$ cat query-v8.cif   # mmCIF, C-alpha atoms and all ligand atoms
data_run
loop_
_atom_site.group_PDB
_atom_site.id
_atom_site.type_symbol
_atom_site.label_atom_id
_atom_site.label_comp_id
_atom_site.auth_asym_id
_atom_site.auth_seq_id
_atom_site.Cartn_x
_atom_site.Cartn_y
_atom_site.Cartn_z
ATOM 1 C CA MET A 1 -43.033 25.744 -28.930
ATOM 2 C CA ARG A 2 -39.292 25.991 -28.485
ATOM 3 C CA GLY A 3 -39.890 26.818 -24.848
ATOM 4 C CA TRP A 4 -42.123 23.782 -24.467
ATOM 5 C CA ILE A 5 -39.524 21.532 -26.058
ATOM 6 C CA GLY A 6 -36.830 22.929 -23.830
ATOM 7 C CA LEU A 7 -38.942 22.358 -20.758
ATOM 8 C CA GLY A 8 -39.742 18.861 -21.902
ATOM 9 C CA CYS A 9 -36.072 18.060 -22.278
ATOM 10 C CA ALA A 10 -35.324 19.507 -18.877
ATOM 11 C CA LEU A 11 -38.060 17.464 -17.274
ATOM 12 C CA ALA A 12 -36.892 14.340 -19.023
ATOM 13 C CA VAL A 13 -33.419 14.821 -17.623
ATOM 14 C CA ALA A 14 -34.758 15.569 -14.159
ATOM 15 C CA ALA A 15 -37.049 12.566 -14.167
ATOM 16 C CA GLY A 16 -34.269 10.354 -15.433
ATOM 17 C CA LEU A 17 -31.886 11.386 -12.709
ATOM 18 C CA ALA A 18 -34.536 11.027 -10.036
ATOM 19 C CA ALA A 19 -35.178 7.553 -11.385
ATOM 20 C CA ALA A 20 -31.474 6.811 -11.095
ATOM 21 C CA TRP A 21 -31.561 7.724 -7.417
ATOM 22 C CA TRP A 22 -34.890 5.955 -7.059
ATOM 23 C CA ALA A 23 -33.626 2.863 -8.828
ATOM 24 C CA ILE A 24 -36.722 2.118 -10.838
ATOM 25 C CA ARG A 25 -34.579 1.162 -13.777
ATOM 26 C CA GLY A 26 -33.893 -2.327 -12.631
ATOM 27 C CA GLU A 27 -30.598 -4.048 -12.211
ATOM 28 C CA PRO A 28 -27.457 -2.452 -13.552
ATOM 29 C CA ARG A 29 -25.938 -3.776 -16.728
ATOM 30 C CA VAL A 30 -22.826 -4.658 -14.782
ATOM 31 C CA ALA A 31 -24.026 -6.816 -11.936
ATOM 32 C CA GLY A 32 -22.335 -7.442 -8.638
ATOM 33 C CA ALA A 33 -21.827 -5.756 -5.340
ATOM 34 C CA ALA A 34 -18.572 -4.286 -6.427
ATOM 35 C CA VAL A 35 -19.348 -2.072 -9.342
ATOM 36 C CA ALA A 36 -17.512 1.111 -9.888
ATOM 37 C CA LEU A 37 -17.510 3.689 -12.579
ATOM 38 C CA ALA A 38 -15.463 6.595 -13.605
ATOM 39 C CA GLY A 39 -15.649 10.070 -14.872
ATOM 40 C CA VAL A 40 -12.610 11.879 -16.184
ATOM 41 C CA GLY A 41 -10.977 8.697 -15.473
ATOM 42 C CA LEU A 42 -11.013 6.348 -12.699
ATOM 43 C CA VAL A 43 -13.466 4.273 -10.945
ATOM 44 C CA ALA A 44 -12.199 1.781 -8.520
ATOM 45 C CA ALA A 45 -14.054 -1.444 -8.030
ATOM 46 C CA ARG A 46 -13.340 -4.625 -6.184
ATOM 47 C CA ALA A 47 -13.319 -7.961 -7.950
ATOM 48 C CA LEU A 48 -13.484 -6.514 -11.414
ATOM 49 C CA ALA A 49 -10.531 -6.810 -13.687
ATOM 50 C CA ALA A 50 -9.227 -3.807 -15.553
ATOM 51 C CA ARG A 51 -11.226 -3.387 -18.737
ATOM 52 C CA GLU A 52 -9.855 -2.092 -21.970
ATOM 53 C CA ARG A 53 -11.804 0.154 -24.257
ATOM 54 C CA ASP A 54 -10.953 1.072 -27.788
ATOM 55 C CA ALA A 55 -8.989 4.145 -28.669
ATOM 56 C CA ARG A 56 -12.015 6.001 -29.961
ATOM 57 C CA ALA A 57 -13.864 5.575 -26.663
ATOM 58 C CA ARG A 58 -10.896 7.030 -24.856
ATOM 59 C CA LEU A 59 -11.319 10.280 -26.689
ATOM 60 C CA PHE A 60 -14.556 10.756 -24.784
ATOM 61 C CA VAL A 61 -13.908 12.483 -21.488
ATOM 62 C CA SER A 62 -16.720 13.269 -19.098
ATOM 63 C CA LEU A 63 -16.403 15.043 -15.790
ATOM 64 C CA ALA A 64 -14.993 13.943 -12.484
ATOM 65 C CA ASP A 65 -16.860 11.208 -10.630
ATOM 66 C CA ARG A 66 -15.523 7.956 -9.242
ATOM 67 C CA ALA A 67 -17.290 5.252 -7.288
ATOM 68 C CA VAL A 68 -15.815 2.704 -4.910
ATOM 69 C CA ASP A 69 -17.631 -0.582 -4.350
ATOM 70 C CA GLY A 70 -20.845 1.078 -5.494
ATOM 71 C CA VAL A 71 -21.046 2.569 -1.990
ATOM 72 C CA VAL A 72 -18.721 5.565 -1.879
ATOM 73 C CA LEU A 73 -18.858 8.166 -4.632
ATOM 74 C CA PHE A 74 -16.175 10.817 -5.019
ATOM 75 C CA ASP A 75 -17.598 14.024 -6.440
ATOM 76 C CA LEU A 76 -20.884 14.644 -8.222
ATOM 77 C CA SER A 77 -20.417 16.259 -11.612
ATOM 78 C CA PRO A 78 -23.113 17.380 -14.061
ATOM 79 C CA ASP A 79 -22.257 14.205 -16.021
ATOM 80 C CA ILE A 80 -23.251 11.843 -13.215
ATOM 81 C CA TYR A 81 -26.576 10.844 -14.749
ATOM 82 C CA LEU A 82 -25.010 9.848 -18.069
ATOM 83 C CA GLN A 83 -22.228 8.021 -16.262
ATOM 84 C CA SER A 84 -24.590 6.157 -13.962
ATOM 85 C CA GLN A 85 -26.646 4.935 -16.916
ATOM 86 C CA ARG A 86 -23.659 4.058 -19.052
ATOM 87 C CA GLU A 87 -21.776 2.207 -16.326
ATOM 88 C CA GLY A 88 -24.679 0.653 -14.475
ATOM 89 C CA LEU A 89 -24.021 2.528 -11.261
ATOM 90 C CA ARG A 90 -26.984 2.396 -8.873
ATOM 91 C CA LEU A 91 -27.059 5.875 -7.370
ATOM 92 C CA ASP A 92 -29.721 4.812 -4.878
ATOM 93 C CA ARG A 93 -27.166 2.421 -3.376
ATOM 94 C CA ILE A 94 -24.529 5.099 -2.817
ATOM 95 C CA ARG A 95 -24.236 5.605 0.942
ATOM 96 C CA HIS A 96 -21.451 8.194 1.022
ATOM 97 C CA LEU A 97 -20.843 11.130 -1.283
ATOM 98 C CA VAL A 98 -17.392 12.679 -0.796
ATOM 99 C CA ILE A 99 -16.947 16.120 -2.347
ATOM 100 C CA SER A 100 -13.492 17.544 -3.038
ATOM 101 C CA HIS A 101 -14.531 21.148 -3.695
ATOM 102 C CA THR A 102 -17.214 23.333 -5.231
ATOM 103 C CA HIS A 103 -15.862 23.726 -8.763
ATOM 104 C CA SER A 104 -18.635 22.801 -11.155
ATOM 105 C CA ASP A 105 -16.857 19.802 -12.697
ATOM 106 C CA HIS A 106 -16.852 18.179 -9.233
ATOM 107 C CA PHE A 107 -20.009 19.340 -7.560
ATOM 108 C CA HIS A 108 -23.443 19.870 -9.117
ATOM 109 C CA PRO A 109 -25.864 20.365 -6.204
ATOM 110 C CA TYR A 110 -28.947 20.094 -8.414
ATOM 111 C CA SER A 111 -28.077 16.488 -9.210
ATOM 112 C CA LEU A 112 -28.297 15.776 -5.499
ATOM 113 C CA GLN A 113 -31.590 17.653 -5.314
ATOM 114 C CA MET A 114 -33.001 14.909 -7.552
ATOM 115 C CA ARG A 115 -32.510 12.463 -4.675
ATOM 116 C CA ALA A 116 -35.129 14.263 -2.594
ATOM 117 C CA GLU A 117 -38.914 14.376 -2.762
ATOM 118 C CA PRO A 118 -40.846 15.063 -4.919
ATOM 119 C CA PHE A 119 -38.381 13.661 -7.453
ATOM 120 C CA ALA A 120 -37.016 10.426 -6.033
ATOM 121 C CA HIS A 121 -38.789 7.889 -3.805
ATOM 122 C CA ILE A 122 -36.365 5.294 -2.478
ATOM 123 C CA PRO A 123 -37.981 2.255 -0.845
ATOM 124 C CA GLY A 124 -36.144 1.253 2.316
ATOM 125 C CA ASP A 125 -33.814 4.220 1.942
ATOM 126 C CA GLU A 126 -30.762 3.734 4.151
ATOM 127 C CA GLY A 127 -29.762 7.362 3.706
ATOM 128 C CA LEU A 128 -26.807 9.173 2.229
ATOM 129 C CA THR A 129 -24.026 11.103 3.930
ATOM 130 C CA VAL A 130 -22.368 14.025 2.161
ATOM 131 C CA TRP A 131 -18.802 14.738 3.248
ATOM 132 C CA GLY A 132 -17.204 18.070 2.352
ATOM 133 C CA ASN A 133 -16.112 21.499 3.528
ATOM 134 C CA ALA A 134 -18.412 24.312 4.686
ATOM 135 C CA PHE A 135 -18.637 25.817 1.198
ATOM 136 C CA VAL A 136 -19.944 22.520 -0.175
ATOM 137 C CA HIS A 137 -22.697 22.377 2.427
ATOM 138 C CA ARG A 138 -23.566 26.019 1.947
ATOM 139 C CA ARG A 139 -24.384 25.259 -1.717
ATOM 140 C CA LEU A 140 -26.929 22.679 -0.548
ATOM 141 C CA GLU A 141 -28.833 24.949 1.789
ATOM 142 C CA GLY A 142 -32.433 25.441 0.786
ATOM 143 C CA LEU A 143 -32.330 23.072 -2.182
ATOM 144 C CA ALA A 144 -34.338 20.324 -0.484
ATOM 145 C CA ASP A 145 -35.597 19.071 2.849
ATOM 146 C CA TRP A 146 -32.435 17.064 3.429
ATOM 147 C CA ASP A 147 -33.607 15.563 6.702
ATOM 148 C CA ALA A 148 -36.730 14.209 5.014
ATOM 149 C CA ALA A 149 -34.532 12.947 2.177
ATOM 150 C CA ARG A 150 -32.324 11.150 4.737
ATOM 151 C CA VAL A 151 -29.288 13.103 3.541
ATOM 152 C CA ARG A 152 -26.850 13.715 6.374
ATOM 153 C CA ARG A 153 -24.230 16.429 5.937
ATOM 154 C CA VAL A 154 -20.822 16.285 7.618
ATOM 155 C CA THR A 155 -18.328 19.149 7.492
ATOM 156 C CA VAL A 156 -14.794 17.789 7.513
ATOM 157 C CA GLU A 157 -11.386 19.243 8.375
ATOM 158 C CA ALA A 158 -8.022 18.478 6.849
ATOM 159 C CA GLY A 159 -5.881 15.950 8.684
ATOM 160 C CA ARG A 160 -8.635 14.339 10.768
ATOM 161 C CA THR A 161 -9.756 10.763 10.188
ATOM 162 C CA TYR A 162 -13.491 10.060 10.108
ATOM 163 C CA PRO A 163 -15.166 6.675 10.568
ATOM 164 C CA VAL A 164 -17.525 6.264 7.626
ATOM 165 C CA ASP A 165 -18.907 2.803 8.294
ATOM 166 C CA PRO A 166 -17.583 -0.284 10.131
ATOM 167 C CA VAL A 167 -15.051 -1.028 7.349
ATOM 168 C CA THR A 168 -14.332 2.447 6.003
ATOM 169 C CA ARG A 169 -12.404 5.508 7.145
ATOM 170 C CA LEU A 170 -11.907 8.838 5.423
ATOM 171 C CA THR A 171 -9.082 11.345 5.865
ATOM 172 C CA PRO A 172 -9.267 14.738 4.098
ATOM 173 C CA LEU A 173 -5.996 16.424 3.163
ATOM 174 C CA GLN A 174 -5.475 19.987 2.012
ATOM 175 C CA ALA A 175 -4.909 20.210 -1.740
ATOM 176 C CA ASP A 176 -2.940 22.767 -3.719
ATOM 177 C CA HIS A 177 -6.042 24.141 -5.435
ATOM 178 C CA PHE A 178 -8.740 26.814 -5.187
ATOM 179 C CA PRO A 179 -7.519 28.669 -2.064
ATOM 180 C CA GLU A 180 -10.632 30.877 -2.045
ATOM 181 C CA GLU A 181 -12.863 28.039 -0.833
ATOM 182 C CA GLY A 182 -10.428 25.192 -0.332
ATOM 183 C CA CYS A 183 -10.165 21.754 -1.877
ATOM 184 C CA PHE A 184 -9.635 18.419 -0.165
ATOM 185 C CA ASN A 185 -7.865 15.365 -1.436
ATOM 186 C CA TYR A 186 -8.913 12.233 0.411
ATOM 187 C CA VAL A 187 -7.461 8.985 1.688
ATOM 188 C CA LEU A 188 -10.121 6.273 1.752
ATOM 189 C CA GLU A 189 -9.396 3.148 3.795
ATOM 190 C CA ARG A 190 -11.853 0.351 3.171
ATOM 191 C CA ASP A 191 -11.650 -3.329 4.040
ATOM 192 C CA GLY A 192 -7.898 -3.105 4.541
ATOM 193 C CA ARG A 193 -7.231 -1.334 1.262
ATOM 194 C CA THR A 194 -6.214 2.283 0.824
ATOM 195 C CA LEU A 195 -7.069 4.634 -2.021
ATOM 196 C CA PHE A 196 -5.896 8.195 -2.479
ATOM 197 C CA TYR A 197 -8.110 10.617 -4.420
ATOM 198 C CA GLY A 198 -5.780 13.444 -5.407
ATOM 199 C CA LEU A 199 -7.876 15.834 -7.443
ATOM 200 C CA ASP A 200 -7.845 18.627 -7.945
ATOM 201 C CA SER A 201 -4.330 19.532 -6.901
ATOM 202 C CA GLY A 202 -0.871 20.514 -7.948
ATOM 203 C CA TRP A 203 2.102 19.745 -5.701
ATOM 204 C CA PHE A 204 0.702 18.904 -2.258
ATOM 205 C CA PRO A 205 1.324 21.191 0.742
ATOM 206 C CA GLU A 206 3.965 19.838 3.143
ATOM 207 C CA ALA A 207 1.342 19.254 5.848
ATOM 208 C CA SER A 208 -0.451 16.896 3.468
ATOM 209 C CA TRP A 209 2.772 15.062 2.634
ATOM 210 C CA GLU A 210 3.403 14.700 6.352
ATOM 211 C CA ARG A 211 -0.053 13.198 6.915
ATOM 212 C CA LEU A 212 0.266 10.925 3.882
ATOM 213 C CA ARG A 213 3.282 9.226 5.464
ATOM 214 C CA ALA A 214 0.885 7.420 7.818
ATOM 215 C CA PHE A 215 -0.562 5.475 4.857
ATOM 216 C CA ARG A 216 0.536 2.771 2.415
ATOM 217 C CA LEU A 217 -1.465 3.340 -0.712
ATOM 218 C CA ASP A 218 -2.856 0.612 -2.944
ATOM 219 C CA VAL A 219 -4.063 3.159 -5.491
ATOM 220 C CA ALA A 220 -3.152 6.814 -6.016
ATOM 221 C CA ILE A 221 -5.374 8.855 -8.344
ATOM 222 C CA LEU A 222 -3.492 11.945 -9.470
ATOM 223 C CA ASP A 223 -4.356 15.160 -11.291
ATOM 224 C CA CYS A 224 -2.961 15.474 -14.832
ATOM 225 C CA THR A 225 -5.008 18.421 -16.086
ATOM 226 C CA HIS A 226 -2.071 20.088 -17.809
ATOM 227 C CA GLY A 227 -0.818 17.014 -19.613
ATOM 228 C CA VAL A 228 2.510 17.603 -21.289
ATOM 229 C CA GLU A 229 2.700 21.212 -20.091
ATOM 230 C CA PRO A 230 5.254 21.615 -17.276
ATOM 231 C CA ASN A 231 2.721 22.542 -14.593
ATOM 232 C CA LEU A 232 3.203 21.860 -10.898
ATOM 233 C CA ARG A 233 0.775 24.200 -9.132
ATOM 234 C CA ASN A 234 -3.023 24.296 -8.730
ATOM 235 C CA HIS A 235 -3.426 21.411 -11.167
ATOM 236 C CA GLY A 236 -1.085 18.608 -12.125
ATOM 237 C CA SER A 237 0.671 17.442 -15.276
ATOM 238 C CA VAL A 238 2.685 14.499 -16.540
ATOM 239 C CA ALA A 239 5.689 16.032 -14.798
ATOM 240 C CA SER A 240 3.914 16.457 -11.445
ATOM 241 C CA VAL A 241 2.355 12.984 -11.548
ATOM 242 C CA ARG A 242 5.795 11.458 -12.097
ATOM 243 C CA ALA A 243 7.342 13.618 -9.363
ATOM 244 C CA ILE A 244 4.555 12.799 -6.881
ATOM 245 C CA ARG A 245 4.897 9.094 -7.692
ATOM 246 C CA ASP A 246 8.665 9.281 -7.112
ATOM 247 C CA ARG A 247 8.288 11.042 -3.754
ATOM 248 C CA MET A 248 5.557 8.650 -2.602
ATOM 249 C CA LEU A 249 7.827 5.706 -3.387
ATOM 250 C CA ALA A 250 10.817 7.358 -1.714
ATOM 251 C CA GLU A 251 8.859 8.058 1.473
ATOM 252 C CA GLY A 252 7.092 4.692 1.666
ATOM 253 C CA ILE A 253 3.652 6.153 0.968
ATOM 254 C CA GLY A 254 3.674 4.056 -2.170
ATOM 255 C CA THR A 255 5.222 0.658 -2.754
ATOM 256 C CA PRO A 256 6.165 -1.247 -5.913
ATOM 257 C CA SER A 257 2.636 -2.695 -5.918
ATOM 258 C CA THR A 258 0.886 0.678 -5.667
ATOM 259 C CA ARG A 259 -1.008 1.550 -8.814
ATOM 260 C CA PHE A 260 -0.670 5.173 -9.850
ATOM 261 C CA VAL A 261 -3.383 6.562 -12.108
ATOM 262 C CA ALA A 262 -3.217 9.846 -14.015
ATOM 263 C CA THR A 263 -6.567 11.471 -14.725
ATOM 264 C CA HIS A 264 -8.558 14.752 -15.002
ATOM 265 C CA PHE A 265 -7.293 15.449 -18.515
ATOM 266 C CA SER A 266 -8.307 18.597 -20.344
ATOM 267 C CA HIS A 267 -7.693 20.590 -23.492
ATOM 268 C CA ASN A 268 -5.100 22.521 -21.508
ATOM 269 C CA GLY A 269 -2.978 19.397 -21.499
ATOM 270 C CA ARG A 270 -2.271 19.661 -25.241
ATOM 271 C CA ALA A 271 -2.250 15.900 -25.677
ATOM 272 C CA LEU A 272 -4.655 13.246 -26.872
ATOM 273 C CA HIS A 273 -5.084 10.051 -24.915
ATOM 274 C CA HIS A 274 -2.559 8.038 -26.905
ATOM 275 C CA GLU A 275 -0.050 10.864 -26.543
ATOM 276 C CA LEU A 276 -0.513 10.776 -22.773
ATOM 277 C CA GLU A 277 0.082 7.033 -22.861
ATOM 278 C CA GLU A 278 3.289 7.709 -24.773
ATOM 279 C CA ALA A 279 4.294 10.346 -22.231
ATOM 280 C CA PHE A 280 3.865 7.831 -19.389
ATOM 281 C CA ALA A 281 5.330 4.875 -21.293
ATOM 282 C CA GLY A 282 7.729 2.822 -19.199
ATOM 283 C CA THR A 283 6.658 4.428 -15.917
ATOM 284 C CA GLY A 284 3.925 1.953 -14.992
ATOM 285 C CA ILE A 285 1.567 4.883 -14.417
ATOM 286 C CA LEU A 286 -1.918 4.140 -15.748
ATOM 287 C CA VAL A 287 -3.647 6.657 -18.015
ATOM 288 C CA ALA A 288 -7.305 6.729 -17.032
ATOM 289 C CA TYR A 289 -10.302 6.789 -19.335
ATOM 290 C CA ASP A 290 -14.063 6.965 -18.952
ATOM 291 C CA GLY A 291 -15.473 3.740 -17.570
ATOM 292 C CA MET A 292 -12.106 2.462 -16.322
ATOM 293 C CA ARG A 293 -12.389 -0.116 -13.562
ATOM 294 C CA LEU A 294 -9.750 -1.277 -11.129
ATOM 295 C CA ALA A 295 -9.889 -4.217 -8.767
ATOM 296 C CA ILE A 296 -8.230 -3.110 -5.558
HETATM 297 ZN ZN ZN A 301 -11.173 22.510 -9.323
HETATM 298 ZN ZN ZN A 302 -11.529 19.662 -11.611
#
$ encode --input "query-v8.cif" --output "structure tokens"
Amino acid sequence: MRGWIGLGCALAVAAGLAAAWWAIRGEPRVAGAAVALAGVGLVAARALAARERDARARLFVSLADRAVDGVVLFDLSPDIYLQSQREGLRLDRIRHLVISHTHSDHFHPYSLQMRAEPFAHIPGDEGLTVWGNAFVHRRLEGLADWDAARVRRVTVEAGRTYPVDPVTRLTPLQADHFPEEGCFNYVLERDGRTLFYGLDSGWFPEASWERLRAFRLDVAILDCTHGVEPNLRNHGSVASVRAIRDRMLAEGIGTPSTRFVATHFSHNGRALHHELEEAFAGTGILVAYDGMRLAI
């Protein structure tokens, strides 16, 4: 019977996620065209004010996913189903899925498999485009009939700018992370606003700094995996977030109105959420939390 129960649970999860892609669950709890949600931290959304949650809620940290305008989703973690239900994110309305790299906290191919037949059935499906490197797309091979599922796959290169839709452009940049397969950070330009998704990464390679100088960021999302540990490579820390913020301001990549957000916290950071807030006190740097929303 244990095996039957386990299978039942697995099917329940699978059916639930397919339903999330299929959108049979009705309208999201947070209505509006500009919903966003977050994983380890940030979710950027237009026209929604920053929302505070209590300290207890901030102890809950799920994996890395962030949505912009309910249309562009950065990364697809194993937590995406929970996050989509909790935050009212309509996965069937996501048009672009942007993957940083293949580490399992950022990319769970089987969650995307749930978007395809025989799991999900999306009326009037406008399709989904997956943006990522060759290793990302290799993980998807054979998992579904992606053409039938209207899932387009685009392999991107660092430094190039890609038109995503009439109001959106995407520029991948090489991160300081996972050299075996590579990791991209991304600049997303949308409707005249510019967001930088900087995970996972330590101190950026000089070529990425050079490319970043072409942008004026409204929001910079930065890796703070190592918290109060003095880490600058492969992943970030309080020290690297502050140093990156300072260099961005010095080089005009950021301005006094740029919002800097630290996120991707882990046990390796040796700090609870309120201790991270103390570590960033007086800097203006925001400490992300699950379900955080930013109007850009
Ligand atoms: Zn990683
Ligand atoms: Zn990560």
$ residues_around --input "query-v8.cif" --residues "Gly227 (chain A)" --least-positions-apart "2" --cutoff "9 Å" --atoms "only C-alpha atoms" --output "number ranges by chain"
A: 224-225, 229-231, 236-239, 265-271, 276, 279
$ residues_around --input "query-v8.cif" --residues "region 216-222 of chain A" --least-positions-apart "2" --cutoff "6 Å" --atoms "all atoms listed in the file" --output "ChimeraX atom specification"
/A:194-198,253-254,258-262
$ residues_around --input "query-v8.cif" --residues "Ser201 (chain A)" --least-positions-apart "5" --cutoff "7 Å" --atoms "all atoms listed in the file" --output "list in words"
Ala175, Asp176, His177, Asp223, Asn234, His235 and Gly236 of chain A
$ atom_distance --input "query-v8.cif" --atom1 "CA of Arg169 (chain A)" --atom2 "CA of Val72 (chain A)"
11.0 Å
$ residues_near_ligand --input "query-v8.cif" --ligand "ligand ZN 301 (chain A)" --cutoff "10 Å" --atoms "only C-alpha atoms and all ligand atoms" --output "number ranges by chain"
A: 64, 100-107, 176-178, 182-183, 199-201, 234-235, 264
$ atom_distance --input "query-v8.cif" --atom1 "CA of His108 (chain A)" --atom2 "CA of Leu63 (chain A)"
10.8 Å
$ residues_around --input "query-v8.cif" --residues "Arg150 (chain A)" --least-positions-apart "6" --cutoff "9 Å" --atoms "only C-alpha atoms" --output "list in words"
Ala116, Asp125, Glu126, Gly127, Leu128 and Thr129 of chain A
$ closest_residue --input "query-v8.cif" --among "A:Thr171, A:Thr161, A:Ser62, A:Ser257" --to "ligand ZN 302 (chain A)" --atoms "only C-alpha atoms and all ligand atoms"
A:Ser62
$ closest_residue --input "query-v8.cif" --among "A:Arg233, A:Arg190, A:His137, A:His273" --to "Phe204 (chain A)" --atoms "all atoms listed in the file"
A:Arg233
$ closest_residue --input "query-v8.cif" --among "A:Thr263, A:Thr283, A:Thr155, A:Thr255" --to "ligand ZN 302 (chain A)" --atoms "all atoms listed in the file"
A:Thr263
$ atom_distance --input "query-v8.cif" --atom1 "CA of His96 (chain A)" --atom2 "CA of Glu181 (chain A)"
21.7 Å
$ closest_residue --input "query-v8.cif" --among "A:Tyr162, A:Phe184, A:Phe215, A:Trp146" --to "ligand ZN 302 (chain A)" --atoms "all atoms listed in the file"
A:Phe184
$ closest_residue --input "query-v8.cif" --among "A:Glu278, A:Asp65, A:Glu157, A:Glu251" --to "ligand ZN 302 (chain A)" --atoms "all atoms listed in the file"
A:Asp65
$ residues_near_point --input "query-v8.cif" --point "(-0.1, 21.8, 1.4)" --cutoff "9 Å" --atoms "only C-alpha atoms" --output "PyMOL selection string"
chain A and resi 173-176+203-209
$ decode --input "query-v8.cif" --residues "region 111-127 of chain A" --atoms "N, CA and C atoms" --output "compact mmCIF listing (two decimals), in the first residue's frame"
# COMPACT_ATOMS: atom_id res chain seq x y z
N SER A 111 9.09 19.77 -14.51
CA SER A 111 7.99 20.73 -14.31
C SER A 111 7.53 21.30 -15.65
N LEU A 112 8.46 21.42 -16.58
CA LEU A 112 8.07 21.90 -17.91
C LEU A 112 7.36 20.80 -18.69
N GLN A 113 7.76 19.56 -18.43
CA GLN A 113 7.09 18.43 -19.08
C GLN A 113 5.58 18.47 -18.81
N MET A 114 5.20 18.98 -17.64
CA MET A 114 3.78 19.03 -17.28
C MET A 114 3.00 20.01 -18.16
N ARG A 115 3.70 20.82 -18.94
CA ARG A 115 3.01 21.75 -19.83
C ARG A 115 2.55 21.06 -21.12
N ALA A 116 3.09 19.87 -21.37
CA ALA A 116 2.81 19.18 -22.63
C ALA A 116 1.68 18.16 -22.46
N GLU A 117 1.12 17.73 -23.58
CA GLU A 117 0.20 16.60 -23.57
C GLU A 117 0.95 15.34 -23.10
N PRO A 118 0.32 14.41 -22.40
CA PRO A 118 -1.11 14.38 -22.08
C PRO A 118 -1.47 15.05 -20.77
N PHE A 119 -0.58 15.87 -20.22
CA PHE A 119 -0.83 16.45 -18.91
C PHE A 119 -1.66 17.73 -19.02
N ALA A 120 -1.13 18.71 -19.70
CA ALA A 120 -1.82 20.00 -19.79
C ALA A 120 -2.51 20.15 -21.13
N HIS A 121 -3.62 20.88 -21.14
CA HIS A 121 -4.36 21.18 -22.37
C HIS A 121 -4.74 22.65 -22.27
N ILE A 122 -4.05 23.48 -23.03
CA ILE A 122 -4.18 24.93 -22.88
C ILE A 122 -5.01 25.49 -24.03
N PRO A 123 -6.24 25.89 -23.75
CA PRO A 123 -7.08 26.44 -24.83
C PRO A 123 -6.47 27.73 -25.38
N GLY A 124 -6.41 27.84 -26.70
CA GLY A 124 -5.86 29.05 -27.30
C GLY A 124 -4.41 29.28 -26.96
N ASP A 125 -3.67 28.22 -26.77
CA ASP A 125 -2.27 28.33 -26.34
C ASP A 125 -1.47 29.21 -27.30
N GLU A 126 -0.85 30.26 -26.74
CA GLU A 126 -0.03 31.14 -27.56
C GLU A 126 1.43 30.70 -27.57
N GLY A 127 1.72 29.60 -26.88
CA GLY A 127 3.07 29.06 -26.93
C GLY A 127 3.99 29.63 -25.86
